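One file, run_25.pdb, is given below (PDB, C-alpha atoms).
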```
ATOM      1  CA  MET A  41    -178.219 115.830  92.404
ATOM      2  CA  SER A  42    -175.014 113.891  91.774
ATOM      3  CA  ALA A  43    -175.204 110.610  89.855
ATOM      4  CA  SER A  44    -172.819 108.975  92.331
ATOM      5  CA  LEU A  45    -173.682 107.685  95.765
ATOM      6  CA  THR A  46    -171.987 109.558  98.596
ATOM      7  CA  ILE A  47    -170.438 107.173 101.114
ATOM      8  CA  ALA A  48    -169.031 108.386 104.445
ATOM      9  CA  THR A  49    -166.521 105.934 105.942
ATOM     10  CA  PHE A  50    -165.426 105.845 109.575
ATOM     11  CA  VAL A  51    -162.488 103.449 110.020
ATOM     12  CA  GLU A  52    -160.813 102.728 113.347
ATOM     13  CA  LEU A  53    -157.646 101.152 111.924
ATOM     14  CA  PRO A  54    -155.802 103.408 109.438
ATOM     15  CA  ALA A  55    -154.242 100.343 107.797
ATOM     16  CA  LEU A  56    -157.701  99.187 106.730
ATOM     17  CA  LEU A  57    -158.633 102.419 104.980
ATOM     18  CA  PRO A  58    -156.848 101.726 101.642
ATOM     19  CA  ALA A  59    -158.638  98.360 101.383
ATOM     20  CA  VAL A  60    -162.004 100.043 102.019
ATOM     21  CA  GLN A  61    -161.285 102.664  99.365
ATOM     22  CA  GLU A  62    -160.200  99.988  96.915
ATOM     23  CA  ALA A  63    -163.343  97.922  97.559
ATOM     24  CA  LEU A  64    -165.493 100.967  96.767
ATOM     25  CA  GLY A  65    -163.253 102.339  94.041
ATOM     26  CA  GLU A  66    -164.978 100.623  91.116
ATOM     27  CA  GLY A  67    -168.493 101.648  92.081
ATOM     28  CA  PRO A  68    -170.433 104.853  91.362
ATOM     29  CA  TYR A  69    -169.372 106.330  94.690
ATOM     30  CA  SER A  70    -168.117 109.612  96.047
ATOM     31  CA  ILE A  71    -166.176 108.613  99.174
ATOM     32  CA  ARG A  72    -165.538 110.712 102.273
ATOM     33  CA  THR A  73    -163.137 109.149 104.776
ATOM     34  CA  PHE A  74    -162.818 109.868 108.496
ATOM     35  CA  SER A  75    -160.840 108.398 111.372
ATOM     36  CA  GLU A  76    -161.895 110.872 114.072
ATOM     37  CA  PRO A  77    -165.402 110.571 115.555
ATOM     38  CA  THR A  78    -165.846 114.325 115.952
ATOM     39  CA  GLU A  79    -165.120 115.049 112.284
ATOM     40  CA  PHE A  80    -167.312 112.169 111.195
ATOM     41  CA  SER A  81    -170.249 113.372 113.300
ATOM     42  CA  LYS A  82    -169.905 116.967 112.082
ATOM     43  CA  CYS A  83    -169.903 115.817 108.457
ATOM     44  CA  ILE A  84    -173.035 113.697 108.900
ATOM     45  CA  GLU A  85    -174.888 116.406 110.782
ATOM     46  CA  SER A  86    -174.032 119.157 108.293
ATOM     47  CA  ASP A  87    -174.496 117.073 105.130
ATOM     48  CA  LYS A  88    -177.143 114.595 106.275
ATOM     49  CA  GLN A  89    -179.286 115.321 103.204
ATOM     50  CA  GLU A  90    -176.390 114.418 100.890
ATOM     51  CA  ILE A  91    -174.952 111.299 102.545
ATOM     52  CA  ASP A  92    -176.360 108.102 100.993
ATOM     53  CA  CYS A  93    -174.709 105.417 103.143
ATOM     54  CA  LEU A  94    -172.310 105.007 106.064
ATOM     55  CA  VAL A  95    -169.506 102.454 106.266
ATOM     56  CA  VAL A  96    -168.239 102.057 109.818
ATOM     57  CA  GLN A  97    -165.577  99.765 111.258
ATOM     58  CA  SER A  98    -166.075  98.365 114.754
ATOM     59  CA  THR A  99    -169.494  98.792 116.341
ATOM     60  CA  ASN A 100    -167.971  99.459 119.787
ATOM     61  CA  PHE A 101    -165.719 102.190 118.416
ATOM     62  CA  ALA A 102    -168.651 103.766 116.609
ATOM     63  CA  ARG A 103    -171.353 103.365 119.251
ATOM     64  CA  PRO A 104    -170.997 106.882 120.798
ATOM     65  CA  VAL A 105    -171.213 108.401 117.318
ATOM     66  CA  ILE A 106    -174.273 106.293 116.441
ATOM     67  CA  GLU A 107    -175.949 107.316 119.698
ATOM     68  CA  GLN A 108    -175.251 110.970 118.887
ATOM     69  CA  LEU A 109    -176.760 110.643 115.387
ATOM     70  CA  SER A 110    -179.797 108.827 116.767
ATOM     71  CA  ALA A 111    -180.287 111.504 119.406
ATOM     72  CA  LYS A 112    -180.471 114.090 116.627
ATOM     73  CA  GLY A 113    -182.985 112.011 114.647
ATOM     74  CA  ILE A 114    -180.506 111.164 111.867
ATOM     75  CA  VAL A 115    -180.922 107.689 110.414
ATOM     76  CA  LEU A 116    -179.049 106.521 107.293
ATOM     77  CA  PRO A 117    -178.185 103.239 105.540
ATOM     78  CA  ILE A 118    -175.137 101.706 107.206
ATOM     79  CA  VAL A 119    -172.654  98.861 106.787
ATOM     80  CA  PHE A 120    -170.697  97.793 109.866
ATOM     81  CA  LEU A 121    -167.313  96.194 109.200
ATOM     82  CA  VAL A 122    -166.746  93.598 111.910
ATOM     83  CA  ALA A 123    -163.514  91.779 112.816
ATOM     84  CA  ASP A 124    -162.856  88.376 111.324
ATOM     85  CA  GLY A 125    -164.188  85.613 113.535
ATOM     86  CA  ALA A 126    -166.014  88.041 115.791
ATOM     87  CA  GLU A 127    -169.122  86.812 117.579
ATOM     88  CA  PRO A 128    -172.374  87.762 115.802
ATOM     89  CA  ILE A 129    -173.899  90.938 117.213
ATOM     90  CA  ALA A 130    -177.290  90.052 118.646
ATOM     91  CA  GLU A 131    -178.674  93.501 119.409
ATOM     92  CA  VAL A 132    -179.539  96.284 116.998
ATOM     93  CA  VAL A 133    -176.789  98.900 116.982
ATOM     94  CA  TYR A 134    -178.412 101.645 114.865
ATOM     95  CA  HIS A 135    -181.584 100.393 113.174
ATOM     96  CA  PHE A 136    -183.095  97.177 111.809
ATOM     97  CA  SER A 137    -181.832  97.613 108.243
ATOM     98  CA  GLU A 138    -178.147  97.755 109.156
ATOM     99  CA  VAL A 139    -175.750  95.338 107.400
ATOM    100  CA  MET A 140    -172.888  93.499 109.095
ATOM    101  CA  LEU A 141    -169.930  92.594 106.849
ATOM    102  CA  SER A 142    -166.797  90.730 107.859
ATOM    103  CA  VAL A 143    -163.501  92.454 107.108
ATOM    104  CA  ALA A 144    -162.430  89.188 105.473
ATOM    105  CA  ASN A 145    -165.217  89.716 102.948
ATOM    106  CA  LEU A 146    -164.277  93.321 102.216
ATOM    107  CA  ALA A 147    -164.339  92.717  98.451
ATOM    108  CA  ALA A 148    -168.134  92.486  98.765
ATOM    109  CA  LEU A 149    -168.413  95.960 100.310
ATOM    110  CA  GLY A 150    -170.055  97.402  97.195
ATOM    111  CA  LYS A 151    -172.795  94.782  97.389
ATOM    112  CA  GLY A 152    -173.049  95.425 101.106
ATOM    113  CA  VAL A 153    -173.714  99.116 100.427
ATOM    114  CA  GLU A 154    -176.402  98.237  97.863
ATOM    115  CA  GLU A 155    -177.980  95.774 100.305
ATOM    116  CA  ALA A 156    -177.956  98.381 103.071
ATOM    117  CA  ILE A 157    -179.697 100.908 100.812
ATOM    118  CA  ALA A 158    -182.250  98.356  99.615
ATOM    119  CA  LYS A 159    -183.036  97.330 103.205
ATOM    120  CA  PHE A 160    -183.185 100.989 104.253
ATOM    121  CA  LEU A 161    -185.774 101.724 101.559
ATOM    122  CA  ASN A 162    -187.842  98.885 103.024
ATOM    123  CA  LEU A 163    -187.482 100.120 106.593
ATOM    124  CA  ASP A 164    -190.976 100.900 107.856
ATOM    125  CA  LYS A 165    -189.920 102.919 110.884
ATOM    126  CA  VAL A 166    -187.179 103.199 113.474
ATOM    127  CA  ASP A 167    -188.212 101.036 116.402
ATOM    128  CA  PRO A 168    -188.084 103.015 119.662
ATOM    129  CA  ILE A 169    -187.134  99.879 121.632
ATOM    130  CA  ALA A 170    -183.625 100.078 120.177
ATOM    131  CA  GLU A 171    -181.257 100.950 123.002
ATOM    132  CA  VAL A 172    -179.751 103.919 121.200
ATOM    133  CA  LEU A 173    -183.164 105.548 120.887
ATOM    134  CA  SER A 174    -184.145 105.284 124.551
ATOM    135  CA  LEU A 175    -184.212 109.017 125.085
ATOM    136  CA  PRO A 176    -186.008 111.229 127.652
ATOM    137  CA  ASP A 177    -188.628 112.555 125.221
ATOM    138  CA  GLU A 178    -188.799 109.230 123.406
ATOM    139  CA  GLU A 179    -192.167 109.614 121.668
ATOM    140  CA  GLU A 180    -191.391 113.024 120.165
ATOM    141  CA  ASP A 181    -187.813 112.081 119.256
ATOM    142  CA  THR A 182    -188.938 108.855 117.575
ATOM    143  CA  GLU A 183    -191.543 110.749 115.557
ATOM    144  CA  ASN A 184    -188.900 113.235 114.351
ATOM    145  CA  THR A 185    -186.552 110.367 113.486
ATOM    146  CA  ASN A 186    -189.216 108.637 111.414
ATOM    147  CA  VAL A 187    -189.984 111.865 109.550
ATOM    148  CA  PHE A 188    -186.304 112.127 108.654
ATOM    149  CA  LEU A 189    -186.313 108.440 107.660
ATOM    150  CA  LEU A 190    -189.198 108.972 105.249
ATOM    151  CA  ARG A 191    -187.494 111.981 103.668
ATOM    152  CA  GLN A 192    -184.251 110.056 103.208
ATOM    153  CA  GLN A 193    -186.117 107.120 101.674
ATOM    154  CA  ARG A 194    -187.823 109.416  99.176
ATOM    155  CA  ARG A 195    -184.557 111.142  98.313
ATOM    156  CA  LEU A 196    -182.675 107.882  97.820
ATOM    157  CA  SER A 197    -185.527 106.364  95.832
ATOM    158  CA  GLU A 198    -185.613 109.362  93.506
ATOM    159  CA  LYS A 199    -181.834 109.350  93.143
ATOM    160  CA  LEU A 200    -181.741 105.678  92.238
ATOM    161  CA  LYS A 201    -184.694 106.018  89.897
ATOM    162  CA  GLU A 202    -183.697 109.138  88.002
ATOM    163  CA  ARG A 203    -179.903 108.949  88.042
ATOM    164  CA  LEU A 204    -178.733 105.391  88.568
ATOM    165  CA  GLY A 205    -181.640 103.353  87.229
ATOM    166  CA  TYR A 206    -183.307 100.465  89.038
ATOM    167  CA  LEU A 207    -181.102  97.641  87.828
ATOM    168  CA  ALA A 208    -178.613  97.494  90.701
ATOM    169  CA  VAL A 209    -181.340  97.817  93.315
ATOM    170  CA  TYR A 210    -183.528  95.257  91.525
ATOM    171  CA  TYR A 211    -180.867  92.569  91.632
ATOM    172  CA  ASN A 212    -179.856  93.431  95.180
ATOM    173  CA  ARG A 213    -183.314  93.457  96.722
ATOM    174  CA  ASN A 214    -183.255  91.289  99.806
ATOM    175  CA  PRO A 215    -185.436  88.200  99.165
ATOM    176  CA  GLN A 216    -186.083  88.018 102.901
ATOM    177  CA  HIS A 217    -188.185  91.154 102.457
ATOM    178  CA  PHE A 218    -190.283  89.659  99.653
ATOM    179  CA  PHE A 219    -193.910  89.345 100.695
ATOM    180  CA  ARG A 220    -193.967  85.580 100.165
ATOM    181  CA  HIS A 221    -191.024  85.111 102.557
ATOM    182  CA  LEU A 222    -192.392  87.211 105.411
ATOM    183  CA  THR A 223    -193.898  85.795 108.562
ATOM    184  CA  ALA A 224    -197.667  85.940 108.998
ATOM    185  CA  ALA A 225    -197.335  88.946 111.315
ATOM    186  CA  GLU A 226    -195.006  90.747 108.890
ATOM    187  CA  ARG A 227    -197.353  90.063 105.954
ATOM    188  CA  SER A 228    -200.257  91.445 107.943
ATOM    189  CA  GLN A 229    -198.294  94.591 108.812
ATOM    190  CA  LEU A 230    -197.158  95.160 105.214
ATOM    191  CA  SER A 231    -200.679  94.537 103.877
ATOM    192  CA  SER A 232    -202.049  97.158 106.248
ATOM    193  CA  GLN A 233    -199.322  99.601 105.191
ATOM    194  CA  LEU A 234    -200.040  99.013 101.485
ATOM    195  CA  LYS A 235    -203.772  99.421 101.972
ATOM    196  CA  ALA A 236    -203.291 102.659 103.946
ATOM    197  CA  SER A 237    -200.886 103.994 101.306
ATOM    198  CA  TYR A 238    -203.252 103.170  98.443
ATOM    199  CA  ARG A 239    -206.224 104.606 100.326
ATOM    200  CA  GLN A 240    -204.327 107.888 100.643
ATOM    201  CA  ILE A 241    -203.770 107.850  96.878
ATOM    202  CA  VAL A 242    -207.458 107.279  96.162
ATOM    203  CA  LEU A 243    -208.592 110.051  98.511
ATOM    204  CA  ALA A 244    -206.150 112.548  96.959
ATOM    205  CA  TYR A 245    -206.371 111.423  93.336
ATOM    206  CA  PHE A 246    -208.879 113.983  92.082
ATOM    207  CA  THR A 247    -207.804 116.738  94.450
ATOM    208  CA  PRO A 248    -206.269 119.733  92.637
ATOM    209  CA  GLU A 249    -202.587 120.363  93.364
ATOM    210  CA  SER A 250    -202.247 117.133  95.366
ATOM    211  CA  ARG A 251    -198.857 115.403  95.487
ATOM    212  CA  ILE A 252    -200.323 112.374  93.761
ATOM    213  CA  ASN A 253    -197.154 111.360  91.917
ATOM    214  CA  ASP A 254    -195.191 111.300  95.179
ATOM    215  CA  LEU A 255    -197.890 109.163  96.788
ATOM    216  CA  LEU A 256    -197.898 106.780  93.824
ATOM    217  CA  ASP A 257    -194.106 106.499  93.915
ATOM    218  CA  GLU A 258    -194.136 105.706  97.622
ATOM    219  CA  PHE A 259    -196.798 103.019  97.145
ATOM    220  CA  VAL A 260    -195.111 101.477  94.107
ATOM    221  CA  THR A 261    -191.734 101.423  95.889
ATOM    222  CA  LEU A 262    -193.290  99.333  98.673
ATOM    223  CA  VAL A 263    -194.809  96.982  96.087
ATOM    224  CA  PHE A 264    -191.537  96.762  94.149
ATOM    225  CA  PHE A 265    -189.336  95.846  97.101
ATOM    226  CA  ALA A 266    -191.916  93.329  98.330
ATOM    227  CA  ASP A 267    -191.770  91.710  94.850
ATOM    228  CA  LEU A 268    -195.524  91.949  94.397
ATOM    229  CA  SER A 269    -197.250  91.739  91.034
ATOM    230  CA  VAL A 270    -199.819  93.780  89.126
ATOM    231  CA  SER A 271    -202.519  91.337  90.199
ATOM    232  CA  ASP A 272    -201.651  92.093  93.838
ATOM    233  CA  VAL A 273    -202.173  95.808  93.149
ATOM    234  CA  VAL A 274    -205.526  95.018  91.520
ATOM    235  CA  GLU A 275    -206.538  93.038  94.611
ATOM    236  CA  ILE A 276    -205.615  95.945  96.903
ATOM    237  CA  HIS A 277    -207.704  98.269  94.706
ATOM    238  CA  MET A 278    -210.736  95.951  94.584
ATOM    239  CA  ASN A 279    -210.714  95.372  98.338
ATOM    240  CA  LEU A 280    -210.592  99.116  98.986
ATOM    241  CA  MET A 281    -213.378  99.775  96.490
ATOM    242  CA  GLU A 282    -215.485  97.136  98.235
ATOM    243  CA  ASP A 283    -214.939  98.894 101.572
ATOM    244  CA  PHE A 284    -215.904 102.238 100.025
ATOM    245  CA  SER A 285    -218.971 100.691  98.380
ATOM    246  CA  LYS A 286    -220.264  99.382 101.713
ATOM    247  CA  GLN A 287    -219.744 102.798 103.303
ATOM    248  CA  LEU A 288    -221.542 104.596 100.453
ATOM    249  CA  LYS A 289    -224.516 102.252 100.736
ATOM    250  CA  ILE A 290    -224.739 102.862 104.489
ATOM    251  CA  GLU A 291    -224.755 106.626 103.869
ATOM    252  CA  GLY A 292    -227.303 106.356 101.051
ATOM    253  CA  TRP A 293    -224.996 107.382  98.198
ATOM    254  CA  SER A 294    -224.651 105.824  94.771
ATOM    255  CA  GLU A 295    -221.536 103.727  94.269
ATOM    256  CA  ASP A 296    -221.229 104.779  90.611
ATOM    257  CA  ILE A 297    -218.642 107.356  91.624
ATOM    258  CA  LEU A 298    -216.242 104.514  92.340
ATOM    259  CA  LEU A 299    -216.014 103.783  88.613
ATOM    260  CA  ASP A 300    -213.921 106.919  88.204
ATOM    261  CA  TYR A 301    -211.226 105.358  90.380
ATOM    262  CA  ARG A 302    -210.414 102.868  87.667
ATOM    263  CA  LEU A 303    -208.103 105.670  86.525
ATOM    264  CA  THR A 304    -206.304 105.446  89.856
ATOM    265  CA  LEU A 305    -205.719 101.744  89.379
ATOM    266  CA  ILE A 306    -204.490 102.250  85.810
ATOM    267  CA  ASP A 307    -202.091 104.956  87.009
ATOM    268  CA  ALA A 308    -200.710 102.777  89.814
ATOM    269  CA  ILE A 309    -200.217  99.837  87.447
ATOM    270  CA  ALA A 310    -198.491 102.099  84.920
ATOM    271  CA  HIS A 311    -196.059 103.326  87.590
ATOM    272  CA  LEU A 312    -195.328  99.764  88.716
ATOM    273  CA  CYS A 313    -194.849  98.443  85.175
ATOM    274  CA  GLU A 314    -192.479 101.304  84.403
ATOM    275  CA  MET A 315    -190.434 100.492  87.497
ATOM    276  CA  TYR A 316    -190.144  96.826  86.510
ATOM    277  CA  ARG A 317    -189.489  97.753  82.872
ATOM    278  CA  ARG A 318    -186.534  99.931  83.849
ATOM    279  CA  SER A 319    -185.202  97.051  85.930
ATOM    280  CA  VAL A 320    -184.760  94.809  82.892
ATOM    281  CA  PRO A 321    -181.144  94.817  81.686
ATOM    282  CA  ARG A 322    -180.649  96.477  78.327
ATOM    283  CA  GLU A 323    -178.619  94.723  75.653
TER     284      GLU A 323
END
```

What's the structure tokens form of this structure?
Amino acid sequence: MSASLTIATFVELPALLPAVQEALGEGPYSIRTFSEPTEFSKCIESDKQEIDCLVVQSTNFARPVIEQLSAKGIVLPIVFLVADGAEPIAEVVYHFSEVMLSVANLAALGKGVEEAIAKFLNLDKVDPIAEVLSLPDEEEDTENTNVFLLRQQRRLSEKLKERLGYLAVYYNRNPQHFFRHLTAAERSQLSSQLKASYRQIVLAYFTPESRINDLLDEFVTLVFFADLSVSDVVEIHMNLMEDFSKQLKIEGWSEDILLDYRLTLIDAIAHLCEMYRRSVPRE
């Protein structure tokens, strides 16, 4: 896996391309540039497991390409470059983690890419109500898209963790996605997702040959981007253990077995602490 992020750019105006390349030139990026929609689409489809982010100028120019990618279940982090003074785009063009950046603010493109990736890692699922995903076999297509989304999130998370470190992502996490800044409905949804993720960890923890480290990484990534603390993880654990205890009592089993799952909690906390530790800038 390359240490650099692979960025595919699709620019409508050739005169803008040098400025885009210059804006990305100082970052850890491998840049692929396209001005023809057919070539751009072929590249994404053939190398979709290698592309880390898309940078696209003009949503109208790109819309047929985006629809084609969506139809094939391909969803990637994306930054749209919009014309100076253009009216804000109300509808979702690709997915809910997309980033809109004014051409006048092109110097911030590197940060825009990092924001797009951070938001993408927080993306729970691709919402089927988005116009570009209104397909004939919508339920099946949406399921396939969300499977691809999860795989891309895991790949990007691993790449950032093992090759690039957490520092850039840590400082570019979107505060709007922090748990304390979410709406009541969003907090409820995230809490349910965290509980379900941790429950899966507990059920698989003592199972031979289980993918426990992957499950822990997925859970900890959710916690990390929501800016939750160790005490929040402890609360999730205790609430789940309480639910299990009630169920064991109903079925006439001893709840002593739950003591073994203190190891699960210790493991989850260790993963989270390591993630935060690696986010601290080194002197």

Separation of CA of Pro117 (chain A) from CA of Ile157 (chain A) in Å: 5.5 Å

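Going from CA of Ile309 (chain A) to CA of Asp254 (chain A) covers 14.7 Å.
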
Nearest-residue call for Leu255 (chain A), choices A:Ile290, A:Ala308, A:Leu161, A:Leu268, using only C-alpha atoms: A:Ala308

Atomic separation - CA of Ala158 (chain A) relative to CA of Ala144 (chain A), Å: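 One can read the CA of Ala144 (chain A) to CA of Ala158 (chain A) distance as 22.6 Å.
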
Residue IDs satisfying the PyMOL selection byres ((chain A and resi 69-71) around 8), as number ranges by chain: A: 44-49, 61, 64-65, 67-68, 72-73

Selection under test: the PyMOL selection byres ((chain A and resi 234) around 10); residues as a ChimeraX atom specification: /A:228-233,235-240,258-260,262-263,273,276

Selected residue of minimal separation from Val143 (chain A) among A:Gln97, A:Thr247, A:Ser294, A:Asn162, counting all atoms listed in the file: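 So, comparing all the options, the nearest one is A:Gln97.
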
For this file, the PyMOL selection byres ((chain A and resi 108) around 12) selects which residues, as a PDB file with C-alpha atoms, in the frame of the given file?
```pdb
ATOM      1  CA  PRO A  77    -165.402 110.571 115.555  1.00  0.00           C
ATOM      2  CA  THR A  78    -165.846 114.325 115.952  1.00  0.00           C
ATOM      3  CA  PHE A  80    -167.312 112.169 111.195  1.00  0.00           C
ATOM      4  CA  SER A  81    -170.249 113.372 113.300  1.00  0.00           C
ATOM      5  CA  LYS A  82    -169.905 116.967 112.082  1.00  0.00           C
ATOM      6  CA  ILE A  84    -173.035 113.697 108.900  1.00  0.00           C
ATOM      7  CA  GLU A  85    -174.888 116.406 110.782  1.00  0.00           C
ATOM      8  CA  ALA A 102    -168.651 103.766 116.609  1.00  0.00           C
ATOM      9  CA  ARG A 103    -171.353 103.365 119.251  1.00  0.00           C
ATOM     10  CA  PRO A 104    -170.997 106.882 120.798  1.00  0.00           C
ATOM     11  CA  VAL A 105    -171.213 108.401 117.318  1.00  0.00           C
ATOM     12  CA  ILE A 106    -174.273 106.293 116.441  1.00  0.00           C
ATOM     13  CA  GLU A 107    -175.949 107.316 119.698  1.00  0.00           C
ATOM     14  CA  LEU A 109    -176.760 110.643 115.387  1.00  0.00           C
ATOM     15  CA  SER A 110    -179.797 108.827 116.767  1.00  0.00           C
ATOM     16  CA  ALA A 111    -180.287 111.504 119.406  1.00  0.00           C
ATOM     17  CA  LYS A 112    -180.471 114.090 116.627  1.00  0.00           C
ATOM     18  CA  GLY A 113    -182.985 112.011 114.647  1.00  0.00           C
ATOM     19  CA  ILE A 114    -180.506 111.164 111.867  1.00  0.00           C
ATOM     20  CA  VAL A 115    -180.922 107.689 110.414  1.00  0.00           C
ATOM     21  CA  TYR A 134    -178.412 101.645 114.865  1.00  0.00           C
ATOM     22  CA  VAL A 172    -179.751 103.919 121.200  1.00  0.00           C
ATOM     23  CA  LEU A 173    -183.164 105.548 120.887  1.00  0.00           C
ATOM     24  CA  SER A 174    -184.145 105.284 124.551  1.00  0.00           C
ATOM     25  CA  LEU A 175    -184.212 109.017 125.085  1.00  0.00           C
TER      26      LEU A 175
END
```

Arg227 (chain A) surroundings by all atoms listed in the file, 10 Å radius, close-in-sequence under 5 positions cut, as an MDAnalysis selection string: chainID A and resid 217:222 232:233 266

Draw an axis-aligned box over all listed atoms of region 297-303 of chain A, pad each side with 6 Å, and write its centre and edge lengths in Å, one decimal, as JSON.
```
{"center_x": -213.4, "center_y": 105.1, "center_z": 89.4, "size_x": 22.5, "size_y": 16.5, "size_z": 17.8}
```
